[in-house]
$ cat my_file-v6.cif   # mmCIF, C-alpha atoms
data_start
#
loop_
_atom_site.label_atom_id
_atom_site.label_comp_id
_atom_site.auth_asym_id
_atom_site.auth_seq_id
_atom_site.Cartn_x
_atom_site.Cartn_y
_atom_site.Cartn_z
CA MET A 175 -22.42 -16.99 47.50
CA PRO A 176 -25.36 -18.28 45.47
CA GLN A 177 -23.02 -19.21 42.60
CA PHE A 178 -21.64 -22.10 44.66
CA ASP A 179 -25.00 -23.77 45.18
CA ALA A 180 -24.21 -27.19 43.69
CA ARG A 181 -27.87 -28.08 43.17
CA PHE A 182 -27.90 -26.10 39.94
CA PHE A 183 -24.56 -27.30 38.60
CA PRO A 184 -25.84 -30.17 36.40
CA SER A 185 -28.40 -28.04 34.55
CA GLU A 186 -25.97 -25.11 34.18
CA ILE A 187 -23.25 -27.40 32.80
CA PHE A 188 -25.77 -28.89 30.39
CA TRP A 189 -27.11 -25.54 29.19
CA THR A 190 -23.64 -24.03 28.90
CA LEU A 191 -22.61 -26.87 26.60
CA VAL A 192 -25.91 -26.63 24.71
CA ALA A 193 -25.44 -22.88 24.28
CA PHE A 194 -21.87 -23.37 23.04
CA VAL A 195 -22.85 -26.11 20.57
CA LEU A 196 -25.92 -24.16 19.42
CA LEU A 197 -23.91 -21.00 18.87
CA PHE A 198 -21.17 -22.96 17.11
CA LEU A 199 -23.68 -24.54 14.71
CA LEU A 200 -25.55 -21.30 14.08
CA LEU A 201 -22.36 -19.36 13.43
CA ARG A 202 -21.01 -22.09 11.13
CA GLN A 203 -24.25 -22.47 9.22
CA LEU A 204 -25.55 -18.91 9.04
CA VAL A 205 -22.90 -16.33 9.81
CA LEU A 206 -19.50 -17.67 8.77
CA PRO A 207 -20.51 -18.63 5.21
CA ARG A 208 -21.79 -15.10 4.59
CA ILE A 209 -18.70 -13.39 5.97
CA ARG A 210 -16.30 -15.80 4.29
CA ALA A 211 -18.13 -15.59 0.97
CA VAL A 212 -17.95 -11.83 0.87
CA LEU A 213 -14.33 -11.76 2.10
CA ASP A 214 -13.27 -14.44 -0.40
CA ARG A 215 -15.06 -12.60 -3.18
CA ARG A 216 -13.36 -9.36 -2.17
CA ILE A 217 -9.96 -11.07 -2.03
CA ARG A 218 -10.58 -12.59 -5.47
CA GLU A 219 -11.64 -9.20 -6.82
CA MET A 220 -8.60 -7.55 -5.28
CA GLN A 221 -6.31 -10.24 -6.69
CA ARG A 222 -7.93 -9.82 -10.10
CA ASP A 223 -7.58 -6.04 -9.88
CA MET A 224 -3.98 -6.39 -8.77
CA GLU A 225 -3.32 -8.81 -11.62
CA GLU A 226 -4.95 -6.38 -14.06
CA ALA A 227 -2.96 -3.49 -12.57
CA ARG A 228 0.25 -5.51 -12.89
CA ARG A 229 -0.58 -6.37 -16.50
CA LEU A 230 -1.37 -2.73 -17.30
CA ARG A 231 1.83 -1.59 -15.64
CA GLU A 232 3.85 -4.07 -17.66
CA GLU A 233 2.05 -2.92 -20.81
CA ALA A 234 2.75 0.71 -19.94
CA GLU A 235 6.41 -0.08 -19.25
CA ARG A 236 6.64 -1.92 -22.56
CA LEU A 237 5.03 1.03 -24.38
CA ARG A 238 7.32 3.47 -22.64
CA ALA A 239 10.38 1.42 -23.54
CA ASP A 240 9.15 1.25 -27.14
CA HIS A 241 8.48 4.98 -27.16
CA ASP A 242 11.92 5.68 -25.67
CA ALA A 243 13.56 3.50 -28.29
CA ARG A 244 11.66 5.27 -31.08
CA LEU A 245 12.50 8.64 -29.59
CA LYS A 246 16.17 7.70 -29.41
CA GLN A 247 16.09 6.42 -32.96
CA ALA A 248 14.36 9.62 -34.15
CA GLY A 249 16.97 11.69 -32.31
CA GLU A 250 19.80 9.79 -33.94
CA GLU A 251 18.13 10.13 -37.33
CA ALA A 252 17.67 13.87 -36.82
CA ARG A 253 21.27 14.25 -35.70
CA ARG A 254 22.46 12.27 -38.71
CA MET A 255 20.33 14.39 -41.06
CA PHE A 256 21.56 17.56 -39.44
CA ASP A 257 25.20 16.45 -39.77
CA GLU A 258 24.62 15.51 -43.40
CA SER A 259 22.93 18.84 -44.11
CA GLU A 260 25.72 20.73 -42.37
CA ARG A 261 28.32 18.79 -44.30
CA ARG A 262 26.54 19.56 -47.59
CA ALA A 263 26.24 23.25 -46.73
CA ARG A 264 29.91 23.38 -45.83
CA GLU A 265 30.81 21.61 -49.07
CA ARG A 266 28.60 23.95 -51.08
CA ARG A 267 30.08 27.01 -49.44
CA ARG A 268 33.59 25.79 -50.12
CA GLN A 269 32.65 25.03 -53.71
CA LEU A 270 31.11 28.51 -54.16
CA MET A 271 34.18 30.12 -52.62
CA ASP A 272 36.44 28.19 -55.00
CA GLU A 273 34.32 29.21 -57.98
CA TRP A 274 34.32 32.82 -56.84
CA LYS A 275 38.09 32.79 -56.39
CA GLN A 276 38.52 31.26 -59.85
CA GLU A 277 36.22 33.90 -61.32
CA MET A 278 38.10 36.69 -59.57
CA LYS A 279 41.43 35.37 -60.82
CA ARG A 280 40.04 35.04 -64.32
CA ARG A 281 38.66 38.61 -64.27
CA GLN A 282 41.91 39.96 -62.83
CA ARG A 283 43.86 38.21 -65.53
CA GLU A 284 41.52 39.52 -68.26
CA PHE A 285 41.74 42.99 -66.80
CA HIS A 286 45.52 42.91 -66.87
CA GLU A 287 45.45 41.55 -70.39
CA ASP A 288 43.05 44.29 -71.50
CA ILE A 289 45.27 46.95 -69.96
CA GLU A 290 48.31 45.49 -71.57
CA ALA A 291 46.59 45.26 -74.96
CA SER A 292 45.34 48.84 -74.72
CA LYS A 293 48.77 50.10 -73.78
CA ASN A 294 50.39 48.24 -76.63
CA ARG A 295 47.79 49.48 -79.06
CA ALA A 296 48.24 53.06 -77.89
CA VAL A 297 52.01 52.84 -78.15
CA ARG A 298 51.73 51.34 -81.59
CA GLU A 299 49.35 54.03 -82.73
CA ILE A 300 51.63 56.74 -81.32
CA ARG A 301 54.57 55.25 -83.06
CA GLU A 302 52.72 54.99 -86.31
CA GLN A 303 51.52 58.59 -86.11
CA SER A 304 54.93 59.84 -84.94
CA ALA A 305 56.61 58.07 -87.79
CA ALA A 306 54.16 59.54 -90.29
CA LEU A 307 54.68 63.01 -88.92
CA ILE A 308 58.44 62.62 -88.86
CA VAL A 309 58.35 61.37 -92.42
CA ALA A 310 56.15 64.26 -93.45
CA ALA A 311 58.38 66.74 -91.68
CA THR A 312 61.45 65.25 -93.15
CA GLU A 313 59.98 65.42 -96.67
CA LYS A 314 59.08 69.01 -96.09
CA ILE A 315 62.57 69.79 -94.93
CA LEU A 316 64.17 67.94 -97.75
CA ARG A 317 62.01 69.70 -100.46
CA GLN A 318 62.43 73.15 -99.18
CA ARG A 319 65.78 74.43 -98.37
CA ILE A 320 64.80 76.27 -95.46
CA HIS A 321 66.66 78.28 -93.01
CA PRO A 322 67.69 76.24 -90.00
CA ASP A 323 65.61 78.44 -87.83
CA GLU A 324 62.60 77.77 -89.95
CA ALA A 325 63.29 74.09 -89.95
CA GLU A 326 63.59 74.16 -86.28
CA GLU A 327 60.38 76.12 -86.14
CA ALA A 328 58.65 73.59 -88.37
CA VAL A 329 59.79 70.68 -86.24
CA ARG A 330 58.62 72.48 -83.17
CA GLU A 331 55.24 73.06 -84.75
CA LEU A 332 54.96 69.43 -85.73
CA LEU A 333 55.86 68.31 -82.26
CA ALA A 334 53.35 70.71 -80.80
CA GLN A 335 50.74 69.42 -83.20
CA LEU A 336 51.61 65.91 -82.17
CA ASP A 337 51.23 66.80 -78.52
CA GLU A 338 47.85 68.36 -79.17
CA GLU A 339 46.64 65.36 -81.05
CA ARG A 340 47.76 63.10 -78.30
CA LYS A 341 46.00 65.22 -75.71
CA GLU A 342 42.83 65.26 -77.78
CA ARG A 343 42.90 61.51 -77.95
CA MET B 189 -30.01 -0.54 53.91
CA SER B 190 -32.07 -3.49 54.96
CA GLY B 191 -33.30 -4.03 51.39
CA MET B 192 -29.82 -4.28 49.93
CA GLN B 193 -28.89 -7.76 48.75
CA PRO B 194 -25.76 -7.36 46.60
CA LEU B 195 -25.59 -11.05 45.66
CA HIS B 196 -29.26 -11.32 44.82
CA PRO B 197 -28.69 -10.81 41.04
CA PHE B 198 -26.55 -13.96 41.01
CA GLU B 199 -29.16 -16.31 42.39
CA VAL B 200 -30.31 -19.10 40.10
CA HIS B 201 -34.05 -19.71 39.76
CA ILE B 202 -35.51 -22.82 38.24
CA LEU B 203 -38.18 -21.78 35.77
CA TYR B 204 -39.11 -25.21 34.42
CA PRO B 205 -37.85 -28.45 36.01
CA LEU B 206 -36.59 -30.97 33.46
CA GLU B 207 -34.59 -34.17 33.55
CA LEU B 208 -32.81 -36.19 30.85
CA PHE B 209 -31.57 -39.72 31.62
CA GLY B 210 -31.46 -38.82 35.29
CA TRP B 211 -29.47 -35.64 34.60
CA ASP B 212 -31.04 -32.39 35.76
CA ILE B 213 -31.49 -30.11 32.77
CA SER B 214 -34.00 -27.75 34.35
CA ILE B 215 -34.58 -24.50 32.57
CA SER B 216 -33.33 -21.70 34.81
CA ASN B 217 -32.60 -18.00 34.46
CA THR B 218 -29.03 -19.06 33.57
CA SER B 219 -30.14 -21.27 30.69
CA VAL B 220 -32.58 -18.61 29.43
CA ALA B 221 -29.84 -15.97 29.56
CA LEU B 222 -27.37 -18.30 27.82
CA ILE B 223 -29.73 -19.25 24.99
CA GLY B 224 -30.88 -15.63 24.81
CA SER B 225 -27.26 -14.49 24.45
CA VAL B 226 -26.76 -17.03 21.67
CA LEU B 227 -29.86 -15.91 19.78
CA VAL B 228 -29.17 -12.20 20.27
CA ALA B 229 -25.56 -12.63 19.07
CA VAL B 230 -26.58 -14.61 15.99
CA LEU B 231 -29.45 -12.26 15.16
CA ALA B 232 -27.20 -9.23 15.61
CA LEU B 233 -24.58 -10.71 13.28
CA LEU B 234 -27.23 -11.66 10.73
CA LEU B 235 -28.68 -8.15 10.94
CA LEU B 236 -25.25 -6.66 10.32
CA LEU B 237 -24.81 -9.01 7.37
CA ARG B 238 -28.30 -8.74 5.92
CA ARG B 239 -27.04 -7.22 2.65
CA PRO B 240 -23.52 -8.55 2.22
CA GLY B 241 -21.83 -6.75 -0.65
CA LEU B 242 -18.40 -6.34 -2.12
CA LEU B 243 -18.35 -2.75 -0.88
CA PRO B 244 -19.48 -3.05 2.74
CA ASP B 245 -21.76 -0.56 4.45
CA ARG B 246 -21.07 0.44 8.07
CA LEU B 247 -23.02 -2.47 9.55
CA GLN B 248 -21.34 -5.06 7.35
CA LEU B 249 -17.98 -3.47 8.09
CA LEU B 250 -18.69 -3.89 11.80
CA ALA B 251 -19.45 -7.61 11.36
CA GLU B 252 -16.39 -8.11 9.16
CA SER B 253 -14.15 -6.25 11.62
CA TYR B 254 -15.49 -8.42 14.43
CA TYR B 255 -14.79 -11.61 12.48
CA LEU B 256 -11.35 -10.43 11.35
CA PHE B 257 -10.44 -9.43 14.91
CA VAL B 258 -11.17 -12.96 16.16
CA TYR B 259 -9.59 -14.48 13.03
CA ARG B 260 -6.30 -12.58 13.51
CA MET B 261 -6.26 -13.32 17.22
CA THR B 262 -6.70 -17.04 16.53
CA VAL B 263 -4.27 -17.30 13.63
CA SER B 264 -1.55 -15.31 15.40
CA ASN B 265 -1.82 -17.31 18.64
CA ILE B 266 -2.27 -20.82 17.22
CA ARG B 267 0.78 -21.03 15.00
CA GLY B 268 0.27 -22.90 11.75
CA HIS B 269 -3.15 -24.34 12.62
CA GLY B 270 -5.14 -21.23 13.52
CA GLU B 271 -7.48 -21.35 10.52
CA ALA B 272 -9.10 -24.60 11.69
CA TYR B 273 -9.87 -23.17 15.14
CA VAL B 274 -11.47 -19.91 13.98
CA PRO B 275 -15.10 -21.17 14.24
CA ALA B 276 -14.56 -22.58 17.75
CA ILE B 277 -12.73 -19.51 19.06
CA LEU B 278 -15.29 -17.23 17.40
CA THR B 279 -18.01 -19.20 19.21
CA LEU B 280 -16.20 -18.98 22.53
CA PHE B 281 -15.52 -15.25 22.19
CA THR B 282 -19.07 -14.50 21.02
CA LEU B 283 -20.70 -16.57 23.75
CA ILE B 284 -18.67 -14.94 26.54
CA ALA B 285 -18.94 -11.41 25.12
CA ALA B 286 -22.69 -11.74 24.52
CA SER B 287 -23.26 -13.24 27.99
CA ASN B 288 -21.21 -10.48 29.61
CA LEU B 289 -22.91 -7.70 27.68
CA ILE B 290 -26.47 -8.97 27.90
CA GLY B 291 -26.11 -9.00 31.67
CA LEU B 292 -25.51 -5.26 31.64
CA LEU B 293 -29.10 -4.64 30.56
CA PRO B 294 -31.19 -3.57 33.56
CA GLY B 295 -32.82 -6.58 35.20
CA ALA B 296 -31.01 -9.09 32.96
CA PHE B 297 -29.15 -12.10 34.31
CA THR B 298 -25.43 -12.54 33.59
CA PRO B 299 -24.57 -16.21 32.89
CA THR B 300 -20.84 -15.54 33.27
CA THR B 301 -21.32 -14.58 36.93
CA GLN B 302 -21.89 -18.31 37.52
CA ILE B 303 -18.69 -20.17 38.35
CA VAL B 304 -20.12 -23.34 36.89
CA VAL B 305 -20.72 -21.66 33.52
CA THR B 306 -17.20 -20.21 33.26
CA GLY B 307 -15.87 -23.45 34.77
CA THR B 308 -17.62 -25.56 32.13
CA LEU B 309 -16.15 -23.45 29.34
CA ALA B 310 -12.67 -23.49 30.92
CA ALA B 311 -12.84 -27.22 31.62
CA SER B 312 -13.96 -27.88 28.04
CA VAL B 313 -10.97 -25.95 26.68
CA PHE B 314 -8.65 -27.71 29.12
CA ALA B 315 -10.07 -31.15 28.28
CA TYR B 316 -9.72 -30.43 24.58
CA THR B 317 -6.07 -29.34 24.95
CA LEU B 318 -5.38 -32.47 27.05
CA VAL B 319 -6.90 -34.75 24.41
CA LEU B 320 -4.98 -32.84 21.73
CA ARG B 321 -1.69 -33.31 23.61
CA ILE B 322 -2.26 -37.04 23.97
CA ARG B 323 -3.42 -37.43 20.35
CA LEU B 324 -0.46 -35.49 18.91
CA HIS B 325 2.35 -36.48 21.28
CA GLY B 326 1.10 -39.59 23.10
CA TRP B 327 1.93 -39.95 26.75
CA ARG B 328 5.31 -38.37 26.08
CA PHE B 329 3.57 -35.05 26.52
CA ILE B 330 4.30 -35.54 30.24
CA LEU B 331 7.92 -34.74 29.34
CA SER B 332 6.85 -31.23 28.33
CA PHE B 333 6.50 -30.54 32.05
CA VAL B 334 10.25 -30.98 32.41
CA PRO B 335 11.72 -27.49 32.06
CA ALA B 336 14.71 -27.32 29.73
CA GLY B 337 18.11 -26.84 31.34
CA VAL B 338 17.01 -27.74 34.87
CA PRO B 339 19.46 -29.94 36.84
CA VAL B 340 18.25 -33.52 37.33
CA TRP B 341 18.23 -33.23 41.11
CA LEU B 342 15.73 -30.37 40.86
CA LEU B 343 13.28 -32.33 38.69
CA PRO B 344 11.32 -33.90 41.61
CA LEU B 345 10.58 -30.34 42.72
CA MET B 346 10.09 -28.70 39.31
CA MET B 347 7.84 -31.29 37.69
CA PRO B 348 5.08 -31.09 40.33
CA ILE B 349 5.22 -27.30 40.14
CA GLU B 350 4.91 -27.38 36.35
CA LEU B 351 2.11 -29.92 36.59
CA LEU B 352 0.34 -27.80 39.20
CA SER B 353 0.59 -24.67 37.06
CA PHE B 354 -0.76 -26.70 34.15
CA MET B 355 -3.70 -27.97 36.21
CA ALA B 356 -4.33 -24.45 37.50
CA ARG B 357 -4.97 -23.15 33.98
CA PRO B 358 -8.70 -24.01 33.80
CA VAL B 359 -9.20 -22.81 37.38
CA SER B 360 -7.57 -19.43 36.67
CA LEU B 361 -9.47 -19.18 33.39
CA ALA B 362 -12.81 -19.83 35.07
CA VAL B 363 -12.21 -17.80 38.22
CA ARG B 364 -10.85 -14.76 36.36
CA LEU B 365 -14.00 -14.40 34.25
CA PHE B 366 -16.39 -15.29 37.05
CA ALA B 367 -14.71 -12.95 39.55
CA ASN B 368 -14.52 -10.01 37.17
CA MET B 369 -18.15 -10.29 36.18
CA THR B 370 -19.38 -10.86 39.73
CA ALA B 371 -17.32 -7.97 41.12
CA GLY B 372 -18.39 -5.62 38.35
CA HIS B 373 -22.08 -6.38 38.74
CA THR B 374 -21.86 -6.20 42.53
CA VAL B 375 -20.23 -2.78 42.41
CA LEU B 376 -22.80 -1.58 39.86
CA GLY B 377 -25.62 -2.88 42.07
CA VAL B 378 -24.23 -1.30 45.23
CA ILE B 379 -23.66 2.09 43.56
CA ALA B 380 -27.16 2.00 42.04
CA PHE B 381 -28.61 1.07 45.43
CA PHE B 382 -26.81 4.01 47.06
CA GLY B 383 -28.16 6.20 44.30
CA LEU B 384 -31.70 5.17 45.10
CA LEU B 385 -31.20 5.64 48.85
CA ALA B 386 -29.47 9.02 48.64
CA PRO B 387 -31.41 12.29 49.10
CA TRP B 388 -32.58 13.75 45.80
CA TYR B 389 -30.01 16.59 45.80
CA VAL B 390 -27.02 14.22 45.90
CA GLN B 391 -28.47 11.42 43.84
CA TRP B 392 -26.57 12.69 40.80
CA VAL B 393 -23.27 11.58 42.38
CA PRO B 394 -23.92 7.81 42.56
CA MET B 395 -25.99 7.93 39.37
CA SER B 396 -23.16 9.61 37.44
CA LEU B 397 -20.76 7.09 38.92
CA SER B 398 -23.10 4.31 37.74
CA VAL B 399 -22.90 5.61 34.17
CA VAL B 400 -19.10 5.72 34.32
CA LEU B 401 -18.97 2.25 35.88
CA LEU B 402 -21.34 0.91 33.23
CA ALA B 403 -18.97 2.17 30.54
CA VAL B 404 -16.07 0.51 32.36
CA GLU B 405 -18.10 -2.71 32.66
CA ILE B 406 -18.79 -2.73 28.91
CA PHE B 407 -15.06 -2.42 28.35
CA ILE B 408 -14.33 -5.15 30.93
CA ALA B 409 -16.96 -7.43 29.35
CA ALA B 410 -15.13 -7.24 26.02
CA ILE B 411 -11.67 -7.50 27.61
CA GLN B 412 -12.61 -10.58 29.62
CA ALA B 413 -14.00 -12.31 26.52
CA TYR B 414 -10.76 -11.46 24.75
CA ILE B 415 -8.59 -12.74 27.61
CA PHE B 416 -10.53 -16.01 27.86
CA SER B 417 -10.33 -16.55 24.10
CA VAL B 418 -6.71 -15.57 23.68
CA LEU B 419 -5.65 -17.79 26.60
CA SER B 420 -7.62 -20.66 25.08
CA CYS B 421 -5.68 -20.08 21.85
CA VAL B 422 -2.40 -20.05 23.76
CA TYR B 423 -3.29 -23.32 25.52
CA ILE B 424 -4.25 -24.96 22.21
CA ASP B 425 -1.02 -23.73 20.63
CA ASP B 426 0.88 -25.03 23.63
CA ALA B 427 -0.76 -28.43 23.17
CA ILE B 428 0.06 -28.54 19.47
CA HIS B 429 3.66 -27.43 19.87
CA ALA B 430 4.40 -29.18 23.16
CA HIS B 431 7.89 -30.66 23.08
CA GLY B 432 8.75 -33.55 25.31
#

$ encode --input "my_file-v6.cif" --output "structure tokens"
Amino acid sequence: MPQFDARFFPSEIFWTLVAFVLLFLLLRQLVLPRIRAVLDRRIREMQRDMEEARRLREEAERLRADHDARLKQAGEEARRMFDESERRARERRRQLMDEWKQEMKRRQREFHEDIEASKNRAVREIREQSAALIVAATEKILRQRIHPDEAEEAVRELLAQLDEERKER
Amino acid sequence: MSGMQPLHPFEVHILYPLELFGWDISISNTSVALIGSVLVAVLALLLLLRRPGLLPDRLQLLAESYYLFVYRMTVSNIRGHGEAYVPAILTLFTLIAASNLIGLLPGAFTPTTQIVVTGTLAASVFAYTLVLRIRLHGWRFILSFVPAGVPVWLLPLMMPIELLSFMARPVSLAVRLFANMTAGHTVLGVIAFFGLLAPWYVQWVPMSLSVVLLAVEIFIAAIQAYIFSVLSCVYIDDAIHAHG
């Protein structure tokens, strides 16, 4: 095989090493700095973006917690106001009911009193009129000696008159 | 068939005789192909990175993926010290891959079909790992050839075997790359030759096979560069973490 011709070994060894060293230097001087610069810059940008994202997330979490706390506080306040309003309404209703009951009792009492007073007045008036009539009838009987039948007739007439008057009233 | 010379593409031709302190450094087709591979690889990478930006375009993404592939391979195989070896392993991988691939161009010479080229690279890696072992562990690194848990009476047998397998590393590294490249190019040459010899109505068979084989060779070129590089990483890691 031509590859085993030792005459060319020294130059091939030399040029292999030269090629390796040359490529190493060229890559280190020209290629690697470019790749590493752009990769490092990208990593820095990504780290900065991640840091910014982390900061924003923390800010959002803080705002959410604050919002939740305010929401909870507002809910409690609303519940407290509702309870207070309900309590006041209940109190007012109870108060109105009490007043209404008092008023009803007062009116009932006045009604009964009015009835009683009217009844008493009517009875008194009847008695007064009856007494006047009886007195008048008695005087009539006493002045005129009348036949018992006539007297009886007169009394009957008076009583009938009394009944009529009462009916008219 | 008389014109077929399957090993002809592997012959070295001196283009310009040169000497340095008595050492032959003649410029040959091998040296031209090697330096050409270096320049093509660097120019290709620079072309891909001509407008490096934070948001990469497809070309930049290709260059970055290439770098990150070698970076991850190095860092994952050389535990704890991989970062420092990235430039060297990137150089090794690029040189082998470029040499393998450039040889697939019609009429081009493949430097990695030369055993002395692959041998020089393998020997350099081996020499470096040897120096690293001695520098980090002193001569006690010899003890790392004593397998753990082996009975004492077996040591005279086991130590030479371990030592032999250690010494065989550069040989296997060099021969694997050389043999794969040589075999691949030989098969490609033979199939292409048959294609040229065949009657016109069956020429499509060897020609189609050549296209398929070329695709396989491109894949093998990349795989062999990867194997050489990853084994170099493993050997370096072995040298760093050798326990005697």

$ atom_distance --input "my_file-v6.cif" --atom1 "atom CA of B:Val226" --atom2 "atom CA of A:Ala193"
6.5 Å

$ resolve_selection --input "my_file-v6.cif" --expression "the PyMOL selection byres ((chain B and resi 403-410) around 12)" --output "number ranges by chain"
B: 254, 281-293, 298, 300-301, 364-376, 396-402, 411-417

$ resolve_selection --input "my_file-v6.cif" --expression "the PyMOL selection byres ((chain B) within 7 of (chain A))" --output "ChimeraX atom specification"
/B:195,198-199,211-214,218-219,222-223,226,230,233-234,240-242,252,275-276,279,283,302-305,308

$ atom_distance --input "my_file-v6.cif" --atom1 "atom CA of B:Val274" --atom2 "atom CA of A:Gln203"
13.9 Å

$ resolve_selection --input "my_file-v6.cif" --expression "the PyMOL selection byres ((chain B and resi 349-358) around 7)" --output "PyMOL selection string"
chain B and resi 310-311+314+333+345-348+359-362

$ atom_distance --input "my_file-v6.cif" --atom1 "atom CA of B:Leu227" --atom2 "atom CA of B:Val363"
25.6 Å

$ residues_around --input "my_file-v6.cif" --residues "B:Trp392" --least-positions-apart "5" --cutoff "12 Å" --atoms "all atoms listed in the file" --output "ChimeraX atom specification"
/B:379-380,382-387,397-399

$ residues_around --input "my_file-v6.cif" --residues "A:Gln335" --least-positions-apart "4" --cutoff "12 Å" --atoms "only C-alpha atoms" --output "list in words"
Gln303, Ser304, Leu307, Ile308, Ala311, Ala328, Val329, Arg330, Glu331, Glu339, Arg340, Lys341 and Glu342 of chain A

$ closest_residue --input "my_file-v6.cif" --among "B:Leu309, B:Gln391, B:Ala427, B:Ala315" --to "B:Ile330" --atoms "only C-alpha atoms"
B:Ala427

$ axis_aligned_box --input "my_file-v6.cif" --around "stretch 358-371 of chain B" --padding-each-side "6 Å" --output "AutoDock Vina command-line options"
--center_x -13.5 --center_y -16.0 --center_z 37.3 --size_x 23.8 --size_y 28.0 --size_z 19.7

$ decode --input "my_file-v6.cif" --residues "stretch 202-214 of chain B" --atoms "N, CA and C atoms" --output "PDB file, in the first residue's frame"
ATOM      1  N   ILE B 202       5.322  14.328  -4.195  1.00  0.00           N
ATOM      2  CA  ILE B 202       6.034  15.524  -3.735  1.00  0.00           C
ATOM      3  C   ILE B 202       5.839  16.620  -4.786  1.00  0.00           C
ATOM      4  N   LEU B 203       5.329  17.725  -4.353  1.00  0.00           N
ATOM      5  CA  LEU B 203       5.101  18.846  -5.271  1.00  0.00           C
ATOM      6  C   LEU B 203       6.264  19.842  -5.225  1.00  0.00           C
ATOM      7  N   TYR B 204       6.822  20.003  -4.030  1.00  0.00           N
ATOM      8  CA  TYR B 204       7.930  20.958  -3.870  1.00  0.00           C
ATOM      9  C   TYR B 204       8.843  20.460  -2.750  1.00  0.00           C
ATOM     10  N   PRO B 205      10.038  19.964  -3.113  1.00  0.00           N
ATOM     11  CA  PRO B 205      10.933  19.431  -2.071  1.00  0.00           C
ATOM     12  C   PRO B 205      11.444  20.544  -1.154  1.00  0.00           C
ATOM     13  N   LEU B 206      11.379  20.267   0.142  1.00  0.00           N
ATOM     14  CA  LEU B 206      11.842  21.252   1.137  1.00  0.00           C
ATOM     15  C   LEU B 206      12.506  20.518   2.294  1.00  0.00           C
ATOM     16  N   GLU B 207      13.360  21.205   2.993  1.00  0.00           N
ATOM     17  CA  GLU B 207      14.038  20.583   4.129  1.00  0.00           C
ATOM     18  C   GLU B 207      14.250  21.641   5.211  1.00  0.00           C
ATOM     19  N   LEU B 208      14.106  21.238   6.467  1.00  0.00           N
ATOM     20  CA  LEU B 208      14.292  22.184   7.576  1.00  0.00           C
ATOM     21  C   LEU B 208      15.127  21.489   8.648  1.00  0.00           C
ATOM     22  N   PHE B 209      16.328  21.997   8.877  1.00  0.00           N
ATOM     23  CA  PHE B 209      17.270  21.392   9.835  1.00  0.00           C
ATOM     24  C   PHE B 209      17.412  19.890   9.586  1.00  0.00           C
ATOM     25  N   GLY B 210      17.537  19.543   8.321  1.00  0.00           N
ATOM     26  CA  GLY B 210      17.736  18.141   7.972  1.00  0.00           C
ATOM     27  C   GLY B 210      16.471  17.320   7.962  1.00  0.00           C
ATOM     28  N   TRP B 211      15.352  17.930   8.323  1.00  0.00           N
ATOM     29  CA  TRP B 211      14.070  17.201   8.376  1.00  0.00           C
ATOM     30  C   TRP B 211      13.307  17.490   7.080  1.00  0.00           C
ATOM     31  N   ASP B 212      12.839  16.438   6.441  1.00  0.00           N
ATOM     32  CA  ASP B 212      12.121  16.598   5.174  1.00  0.00           C
ATOM     33  C   ASP B 212      10.743  17.203   5.421  1.00  0.00           C
ATOM     34  N   ILE B 213      10.529  18.365   4.885  1.00  0.00           N
ATOM     35  CA  ILE B 213       9.203  19.007   5.035  1.00  0.00           C
ATOM     36  C   ILE B 213       8.639  19.326   3.640  1.00  0.00           C
ATOM     37  N   SER B 214       8.941  18.455   2.703  1.00  0.00           N
ATOM     38  CA  SER B 214       8.497  18.680   1.321  1.00  0.00           C
ATOM     39  C   SER B 214       6.987  18.874   1.241  1.00  0.00           C
TER      40      SER B 214
END
